[in-house]
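Taking it in order: structure first as structure tokens, then the write-up.
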Amino acid sequence: MTDVKHHPPRWIKRIFEWYCSPEIAEDLLGDMDELFYHNVQKFSVQRAKWKYIFQSLALLFSYGVKSRRRNYYRIPDTYHSFAMYKSYSKIAFRSLAKQKVFAVINIVCLAVGMSVGLIALAAWVDIMQVDNFHTNKERIYRINTEVDDFNNKRIYASSHAPLAERLRSEGTGVDEVVSVNRTFVGEIVVASNVSIPFEQGYFVTPNFFKVFNFPLLAGNASTALTKPFTILLSQELAEKLYRDGQALGKVIEIKGLGNFEVTGVVATHPRSHFFFHALTSLGTLETLEEQGKLDRTLESVKPVTRFYTYLLLGEGSDGESIEPVLEQFAAEVTNASTEKKVAVTYQLEQLADIPMSETYNDVGLSWGYVSVMIFFFLSALVLLPACFNYANISVARALKRAKEIGLRKVSGGESKHIFFQMVVETIIVSLISLGGAMVLFYLVRDAYLDMIVHGSRTFSLEITPLTFLVFLGFAIVTGFIAGVLPASYFAKLNPIQTLRNSSASGKLSKVSIRKGLIVVQFVLSLVFILGVSIVIKQYRYALNFDYGFHKENTLNVQLKNVSEKVFKSEIGRLSDVQSISMSSFVFGNWESSSEYMMLPNQTDSLEVFEMFVDENYIQNFDIKMLAGVGFPEERSGEEHYIIVNERFLEKTGLGTPHEALGKSFVFGDKPLTIRGVVKNFNFLPLHDQIRPFAFRCNPDHFRFASVRLRSNEIGATLAALESTWNRLTDQKFEARFLEHELEDSLVNYKSLVRIFGSLGVVAVTISCLGLLAVVISAAESRVREMGIRKVFGANIISLMMTMASGFMKLIAIAIVIATPLTYLMFDAFLLKLYVYRASIGVLELAAGIGLLLTLVAIIVGSQTFRVARINPVDTLKYE
Amino acid sequence: MKGYIGEFEELVLLTVAVLGDGAYGVSIKEDIEARSNRAISIGALHSTIARLEEKGFLKSFLGGATQERGGRRKRFYQLTHSGKAALHDIKNLRDELWKKSKANLALDL
């Protein structure tokens with residue numbers, strides 16, 4: 001009798017149900033429906049609908065509904081009570097116990113995925129804690145210098161020493177101005193020929209400790225730096241020098257600098273972006289410069305210096321009051337450099353922002369926003385497949401749970417209750433996984449810290465109560481993410497269907513989502529595998545790269561206090577030494593200096609990298625000369641000549657190599673004549689272009705001797721070299737092979753390979769385990785089908801093909817998506833960073849795909865074989 | 001006299017009495033509409049029913065599940081004793097008034 005073709009407007013019903021709960025409105029809604037169906041028969045459908053809407057509105061605002069709502073006492077929901085949680089967790093453990101294989105796979109996957117996330121989070125917590133211990137940290141700012149040479153802008157952490165002086169006298173709203181110079185390095189003399197070097201120390205103004213609250217183990221912070229030639233040692237260094245660490249009041253000698261009185265020991269402190277072993281006063285630097293023991297830098301207004309300026313702003317000041325002073329000084333610095341056309345501006349950076357900012361010329365430790373974000377992104381990429389696995393497996397196993405859910409619904413469980421239960425269950429699983437993840441975290445932590453450059457300095461990755469809380473939150477969030485999909489799926493189950501017959505599986509399997517998840521997982525795995533192989537290829541490429549100079553069997557020896565002549569004559573006598581040359585820096589540590597020179601058109605300036613070498617250098621390194629000759633054997637007192645590379649000629653427009661010979665220009669305040677032109681070679685790391693470059697000949701700058709050896713008996717030669725060296729000086733013999741130096745300069749590649757590789761292994765493991773679980777459950781549900789097929793004469797091979805074909809299709813789709821994706825990603829993004837790079841070859845792609853296919857074939861093959869082999873009698877005996 | 005009842009309230013109470021076991025929202029509405037030839041809104045009806053319930057003249061209970069209205073149950077209404085008493089009171093009052101005013105109420109034929 002009811003016209004089921006037409007229904008009352010749903011929206012108004014929704015509003016009604018929202019406004020008053022079903023318990024109080026059931027009969028009202030029923031009345032309305034009944035009237036609607038009567039009206040449909042009497043009038044047009046449209047009219048009936050209109051009437052329904054009007055009636056509903058009249059009812060909504062009527063006293064009837066109002067009084068019902070007023071008198072209605074809602075029984076509080078019990079699903080948030082403790083008893084329900086208890087029940088949920090009990091059920092969760094029972095269902096885990098029932099499906100041990102899947103539970104183990106789920107927990108292992110989540111644990112592995114989460115362990116990577118834990119590392120990222122612990123690193124993040126570490127970074128957040130940096131410099132957290134200074135009392136006035138909100139008011140501390142650093143002045144950064146932005147240098148724009150009209151080709152690119154760079155932000156340097158350093159600023160100019162005279163600027164600090166200016167701020168002290170003219171800056172308003174500034175409580176303290178701290179200057180830091182990071183060139184305080186040296187060797188502490190312990191015995192006549194034993195010295196302990198420290199690699200990093202600062203010259204600081206005496207108010208350093210007023211602003212930065214580094215804890216002192218001994219000494220008085222307010223007076224420790226007032227006198228020149230007083231020194232504060234780090235606890236580590238103090239303990240290295242004196243076994244009991246009691247250094248206070250002792251006098252130590254630093255080689256080449258003089259005697260220092262120890263006025264304090266800085267205790268091991270929480271992480272700071274400062275990293276130092278020793279502190280001394282800036283006054284000491286002044287004296288040392290006056291004595292000529294150090295180069296004059298205090299007055300320097302070169303764009304990039306080794307000075308850092310920190311401000312403690314006054315209470316309530318936002319630094320705006322010093323803007324005019326900064327602008328004024330920036331203009332002065334910009335104008336001061338006539339031949340070096342650069343624009344300098346200053347920026348204030350809050351102390352808390354320093355660890356994550358991308359600045360050049362850092363004062364101590366740096367973390368870098370980009371690399372941290374990349375790691376976060378990568379760990380999310382690893383965690384996601386683990387979450388997918390969980391969703392995939394639980395939906396695939398839905399059949400086993402469907403009856404339980406159906407029963408719950410029949411006995412009054414609402415959708416949201418089921419959803420909540422399933423999410424709680426997932427969170428329980430992820431909390432169990434957290435335990436496993438933390439064990440893994442402990443195991444891989446040190447290895448991970450080794451992977452990143454200076455890892456143990458910049459990160460501790462210790463589990464503090466705070467990190468543990470973050471971990472817990474992370475586990476809960478992960479559980480929620482993993483659980484949302486299966487939970488909403490279970491919440492939607494129709495109780496009638498699940499209870500009537502369990503073979504409603506076709507509808508239960510939610511095939512398309514699961515397939516999608518598998519594809520996404522394998523796309524991710526493939527991206528990682530292919531990425532690793534591409535990065536490895538790039539690494540190998542860089543290792544064997546032809547830099548344009550000879551790199552085998554060349555030993556770079558630090559000259560120290562040995563003179564060039566003595567070195568050449570003494571070391572040159574050794575039989576295995578082929579030739580010796582001198583230079584101001586060595587390839588591989590890329591510490592090249594640069595000068596700005598005016599171009600002939602007198603408007604633009606050009607940054608030219610320079611290296612001071614002797615007459616043997618070019619020959620010694622087999623650098624190809626295109627025109628002209630090397631530096632003359634006989635050095636007169638003054639510098640006359642310069643040898644440039646091709647790029648230099650290109651940029652300056654001095655013509656072909658032969659035309660350029662003999663031309664003169666002012667370079668580094670000196671008039672120099674081009675004496676030769678060399679072929680371009682890579683004097684910068686491979687991510688940089690070949691830049692304009694000049695060889696100059698000035699023995700004052702020589703710091704290294706490059707000894708080319710004949711390639712037999714390297715060990716014996718090294719020993720002979722060292723014993724000769726020890727006759728010449730009491731300094732330590734420090735030498736490295738150029739090849740090792742170059743290899744070390746690829747340390748970033750290495751850590752990239754290792755990080756990418758380990759994440760790849762994790763991603764692949766997770767995806768394969770996930771696939772294993774899905775294949776097992778799929779195979780199980782088709783046991784009978786396979787039995788029937790077998791009875792009808794199918795053989796094992798064809799059965800396996802039947803079962804495997806679906807999965808193989810998915811993998812094929814994943815490959816089709818992942819291959820171009822990886823190619824484009826790496827081509828556009830990662831390798832763009834490197835100007836000189838290997839091309840992405842078919843071989844790497846094929847190898848990666850082959851590896852994945854093998855793994856998949858093993859997983860799918862083993863499970864399908866297991867099912868295909870079963871005797872049909874066993875599976876069909878109940879039919 | 002306690003519990004004054006209005007005209008529409010009286011009408012509803014009497015209709016509930018007429019319908020007996022079958023008195024629920026729609027049937028009351030349709031019965032009144034049929035007899036009195038006026039359209040009443042379900043909102044007004046339920047408001048009145050709510051007032052009568054508050055005054056204690058009506059009581060209600062939910063019936064069993066139904067087929068035709070999406071399985072929703074009906075709420076059936078019954079007169080309470082005080083409901084009946086109130087109807088009797090008002091009838092007595094009317095009767096008395098009718099008796100007294102019979103002469104003046106004669107319709108001119």
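Quick note on naming: the chains in the structure tokens go A, B, ... in the order shown, residues restart at 1 in each chain, and ligands are numbered from 1 in order of appearance.
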Return the neighbours of chain B among the residues of chain A, cut-off 12 Å, counting only C-alpha atoms, as a PDB file with C-alpha atoms, in the first residue's frame.
ATOM      1  CA  MET A   1       0.000   0.000   0.000  1.00  0.00           C
ATOM      2  CA  THR A   2       2.849   2.374   0.596  1.00  0.00           C
ATOM      3  CA  ASP A   3       4.272   3.840  -2.518  1.00  0.00           C
ATOM      4  CA  VAL A   4       7.876   2.856  -2.110  1.00  0.00           C
ATOM      5  CA  HIS A   7      10.481   9.003  -0.260  1.00  0.00           C
ATOM      6  CA  PRO A   8      10.138  12.037   1.906  1.00  0.00           C
ATOM      7  CA  PRO A  22      15.653   9.030  17.675  1.00  0.00           C
ATOM      8  CA  GLU A  23      14.360   7.825  21.011  1.00  0.00           C
ATOM      9  CA  ILE A  24      12.032  10.787  21.428  1.00  0.00           C
ATOM     10  CA  ALA A  25      11.139  11.350  17.831  1.00  0.00           C
ATOM     11  CA  GLU A  26      10.543   7.852  16.555  1.00  0.00           C
ATOM     12  CA  ASP A  27       6.748   8.036  16.636  1.00  0.00           C
ATOM     13  CA  LEU A  28       6.749  11.571  15.286  1.00  0.00           C
ATOM     14  CA  LEU A  29       8.862  10.583  12.311  1.00  0.00           C
ATOM     15  CA  GLY A  30       6.627   7.603  11.793  1.00  0.00           C
ATOM     16  CA  ASP A  31       3.557   9.833  11.820  1.00  0.00           C
ATOM     17  CA  MET A  32       5.161  12.117   9.299  1.00  0.00           C
ATOM     18  CA  ASP A  33       6.044   9.240   7.007  1.00  0.00           C
ATOM     19  CA  GLU A  34       2.563   7.864   7.197  1.00  0.00           C
ATOM     20  CA  LEU A  35       1.072  11.230   6.357  1.00  0.00           C
ATOM     21  CA  PHE A  36       3.485  11.578   3.488  1.00  0.00           C
ATOM     22  CA  TYR A  37       2.416   8.289   1.942  1.00  0.00           C
ATOM     23  CA  HIS A  38      -1.239   9.215   2.380  1.00  0.00           C
ATOM     24  CA  ASN A  39      -0.551  12.533   0.727  1.00  0.00           C
ATOM     25  CA  LYS A  51       3.592  19.279   2.898  1.00  0.00           C
ATOM     26  CA  TYR A  52       6.130  17.023   4.548  1.00  0.00           C
ATOM     27  CA  ILE A  53       8.607  19.849   4.818  1.00  0.00           C
ATOM     28  CA  PHE A  54       6.047  22.281   6.238  1.00  0.00           C
ATOM     29  CA  GLN A  55       4.733  19.720   8.681  1.00  0.00           C
ATOM     30  CA  SER A  56       8.230  18.874   9.819  1.00  0.00           C
ATOM     31  CA  LEU A  57       9.078  22.511  10.395  1.00  0.00           C
ATOM     32  CA  ALA A  58       5.818  23.078  12.262  1.00  0.00           C
ATOM     33  CA  LEU A  59       6.568  20.074  14.411  1.00  0.00           C
ATOM     34  CA  LEU A  60      10.182  21.106  15.007  1.00  0.00           C
ATOM     35  CA  PHE A  61       9.102  24.417  16.490  1.00  0.00           C
ATOM     36  CA  SER A  62       6.064  23.027  18.279  1.00  0.00           C
ATOM     37  CA  TYR A  63       5.578  22.782  21.988  1.00  0.00           C
ATOM     38  CA  GLY A  64       5.266  19.008  21.587  1.00  0.00           C
ATOM     39  CA  VAL A  65       8.879  18.549  20.561  1.00  0.00           C
ATOM     40  CA  LYS A  66      10.046  21.154  23.019  1.00  0.00           C
ATOM     41  CA  SER A  67       8.460  19.449  25.976  1.00  0.00           C
ATOM     42  CA  ARG A  68       9.686  16.058  24.885  1.00  0.00           C
ATOM     43  CA  ARG A  69      13.200  17.375  24.621  1.00  0.00           C
ATOM     44  CA  ARG A  70      12.932  18.988  27.992  1.00  0.00           C
ATOM     45  CA  ASN A  71      11.705  15.867  29.720  1.00  0.00           C
TER      46      ASN A  71
END
request  = Identify, with DSSP run on backbone atoms, the residues in chain B assigned to strand (DSSP E or B), and express the list as a list in words.
outcome  = Tyr24, Leu58, Lys59, Ser60, Phe61, Leu62, Arg75, Phe76, Tyr77, Gln78 and Leu79 of chain B
Those residues with N, CA and C atoms, as a PDB file, in the first residue's frame please?
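Saved as again34.pdb:
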ATOM      1  N   TYR B  24      -3.521   7.156  17.794  1.00  0.00           N
ATOM      2  CA  TYR B  24      -2.141   7.645  17.717  1.00  0.00           C
ATOM      3  C   TYR B  24      -2.141   8.872  16.806  1.00  0.00           C
ATOM      4  N   LEU B  58      -3.845  12.484  29.639  1.00  0.00           N
ATOM      5  CA  LEU B  58      -3.539  11.435  28.660  1.00  0.00           C
ATOM      6  C   LEU B  58      -2.312  10.652  29.127  1.00  0.00           C
ATOM      7  N   LYS B  59      -2.298   9.395  28.805  1.00  0.00           N
ATOM      8  CA  LYS B  59      -1.061   8.642  28.973  1.00  0.00           C
ATOM      9  C   LYS B  59      -0.759   7.956  27.651  1.00  0.00           C
ATOM     10  N   SER B  60       0.499   7.567  27.472  1.00  0.00           N
ATOM     11  CA  SER B  60       0.852   7.002  26.169  1.00  0.00           C
ATOM     12  C   SER B  60       1.765   5.796  26.336  1.00  0.00           C
ATOM     13  N   PHE B  61       1.776   4.985  25.327  1.00  0.00           N
ATOM     14  CA  PHE B  61       2.729   3.867  25.307  1.00  0.00           C
ATOM     15  C   PHE B  61       3.086   3.589  23.852  1.00  0.00           C
ATOM     16  N   LEU B  62       4.251   2.977  23.662  1.00  0.00           N
ATOM     17  CA  LEU B  62       4.683   2.677  22.294  1.00  0.00           C
ATOM     18  C   LEU B  62       4.127   1.333  21.866  1.00  0.00           C
ATOM     19  N   ARG B  75       3.035   5.721  18.745  1.00  0.00           N
ATOM     20  CA  ARG B  75       2.778   6.024  20.158  1.00  0.00           C
ATOM     21  C   ARG B  75       1.259   6.136  20.337  1.00  0.00           C
ATOM     22  N   PHE B  76       0.722   5.224  21.116  1.00  0.00           N
ATOM     23  CA  PHE B  76      -0.733   5.208  21.322  1.00  0.00           C
ATOM     24  C   PHE B  76      -1.085   5.989  22.565  1.00  0.00           C
ATOM     25  N   TYR B  77      -2.260   6.635  22.516  1.00  0.00           N
ATOM     26  CA  TYR B  77      -2.709   7.469  23.641  1.00  0.00           C
ATOM     27  C   TYR B  77      -3.965   6.879  24.249  1.00  0.00           C
ATOM     28  N   GLN B  78      -4.077   7.066  25.570  1.00  0.00           N
ATOM     29  CA  GLN B  78      -5.253   6.613  26.306  1.00  0.00           C
ATOM     30  C   GLN B  78      -5.654   7.711  27.273  1.00  0.00           C
ATOM     31  N   LEU B  79      -6.961   7.759  27.552  1.00  0.00           N
ATOM     32  CA  LEU B  79      -7.426   8.703  28.567  1.00  0.00           C
ATOM     33  C   LEU B  79      -7.065   8.177  29.945  1.00  0.00           C
TER      34      LEU B  79
END
ask   = Would you give me, as a ChimeraX atom specification, the residues in chain B that DSSP reads as helix (DSSP H, G or I)?
value = /B:7-22,25-36,42-55,81-105
Write the residues of the selection above to a file with C-alpha atoms, as a short mmCIF file (atom, residue, chain, number, x, y, z; two decimals), in the first residue's frame.
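Heads up, here's the output in selection05.cif:
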data_model
loop_
_atom_site.label_atom_id
_atom_site.label_comp_id
_atom_site.auth_asym_id
_atom_site.auth_seq_id
_atom_site.Cartn_x
_atom_site.Cartn_y
_atom_site.Cartn_z
CA GLU B 7 -11.90 23.62 23.07
CA PHE B 8 -9.22 21.89 20.97
CA GLU B 9 -8.00 19.97 23.96
CA GLU B 10 -11.52 18.72 24.56
CA LEU B 11 -11.78 17.73 20.94
CA VAL B 12 -8.55 15.74 21.15
CA LEU B 13 -9.53 14.02 24.39
CA LEU B 14 -12.90 13.03 22.96
CA THR B 15 -11.34 11.77 19.73
CA VAL B 16 -8.91 9.64 21.71
CA ALA B 17 -11.92 8.25 23.53
CA VAL B 18 -13.70 7.58 20.21
CA LEU B 19 -10.68 5.83 18.65
CA GLY B 20 -10.09 3.65 21.71
CA ASP B 21 -7.11 1.35 21.15
CA GLY B 22 -6.25 2.87 17.78
CA GLY B 25 -0.92 10.82 16.01
CA VAL B 26 -2.12 10.25 12.46
CA SER B 27 -5.42 8.61 13.33
CA ILE B 28 -6.32 11.40 15.77
CA LYS B 29 -5.45 14.01 13.21
CA GLU B 30 -7.40 12.40 10.41
CA ASP B 31 -10.38 11.68 12.62
CA ILE B 32 -10.62 15.29 13.76
CA GLU B 33 -10.14 16.55 10.22
CA ALA B 34 -12.87 14.27 8.92
CA ARG B 35 -15.38 15.16 11.59
CA SER B 36 -14.78 18.86 12.03
CA ILE B 42 0.63 17.76 13.19
CA GLY B 43 2.70 20.25 15.13
CA ALA B 44 -0.36 21.79 16.77
CA LEU B 45 -1.75 18.37 17.51
CA HIS B 46 1.39 17.12 19.22
CA SER B 47 1.71 20.34 21.17
CA THR B 48 -1.79 19.86 22.51
CA ILE B 49 -1.15 16.20 23.26
CA ALA B 50 2.00 17.19 25.12
CA ARG B 51 0.04 19.67 27.26
CA LEU B 52 -2.64 17.12 27.99
CA GLU B 53 -0.02 14.62 29.02
CA GLU B 54 1.53 17.20 31.33
CA LYS B 55 -1.86 17.89 32.86
CA HIS B 81 -9.05 8.71 34.94
CA SER B 82 -8.57 12.41 35.50
CA GLY B 83 -8.92 12.93 31.80
CA LYS B 84 -12.27 11.24 31.86
CA ALA B 85 -13.22 13.22 34.95
CA ALA B 86 -12.29 16.45 33.24
CA LEU B 87 -14.45 15.55 30.24
CA HIS B 88 -17.32 14.73 32.56
CA ASP B 89 -16.86 18.02 34.40
CA ILE B 90 -16.99 20.04 31.26
CA LYS B 91 -19.96 18.08 29.96
CA ASN B 92 -21.83 18.65 33.22
CA LEU B 93 -21.08 22.35 33.06
CA ARG B 94 -22.32 22.49 29.52
CA ASP B 95 -25.44 20.47 30.27
CA GLU B 96 -26.28 22.77 33.11
CA LEU B 97 -25.76 25.81 30.94
CA TRP B 98 -27.81 24.25 28.12
CA LYS B 99 -30.63 23.46 30.50
CA LYS B 100 -30.73 26.97 31.89
CA SER B 101 -30.52 28.74 28.54
CA LYS B 102 -32.75 26.48 26.53
CA ALA B 103 -35.45 29.12 26.10
CA ASN B 104 -33.08 31.73 24.80
CA LEU B 105 -31.21 29.34 22.57
#
inquiry  = What's around region 798-815 of chain A at 6 Å? Count only C-alpha atoms, leave out sequence neighbours fewer than 3 positions away in its own chain, and write the answer as a list in words.
reply    = Val519, Phe522, Val523, Asn795, Ala818, Thr819 and Thr864 of chain A
ask   = Out of A:Ala660, A:Ile127, A:Leu96, A:Leu348, which residue has the shortest atom-to-atom distance to Ile155 (chain A) when counting only C-alpha atoms?
value =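 When distances to Ile155 (chain A) are compared using only C-alpha atoms, the smallest one comes from A:Leu348.
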Who sits within 8 Å of region 634-646 of chain A, only C-alpha atoms, same chain under 3 positions skipped, as a PyMOL selection string = chain A and resi 630-631+649-650+657+670-680+692-698
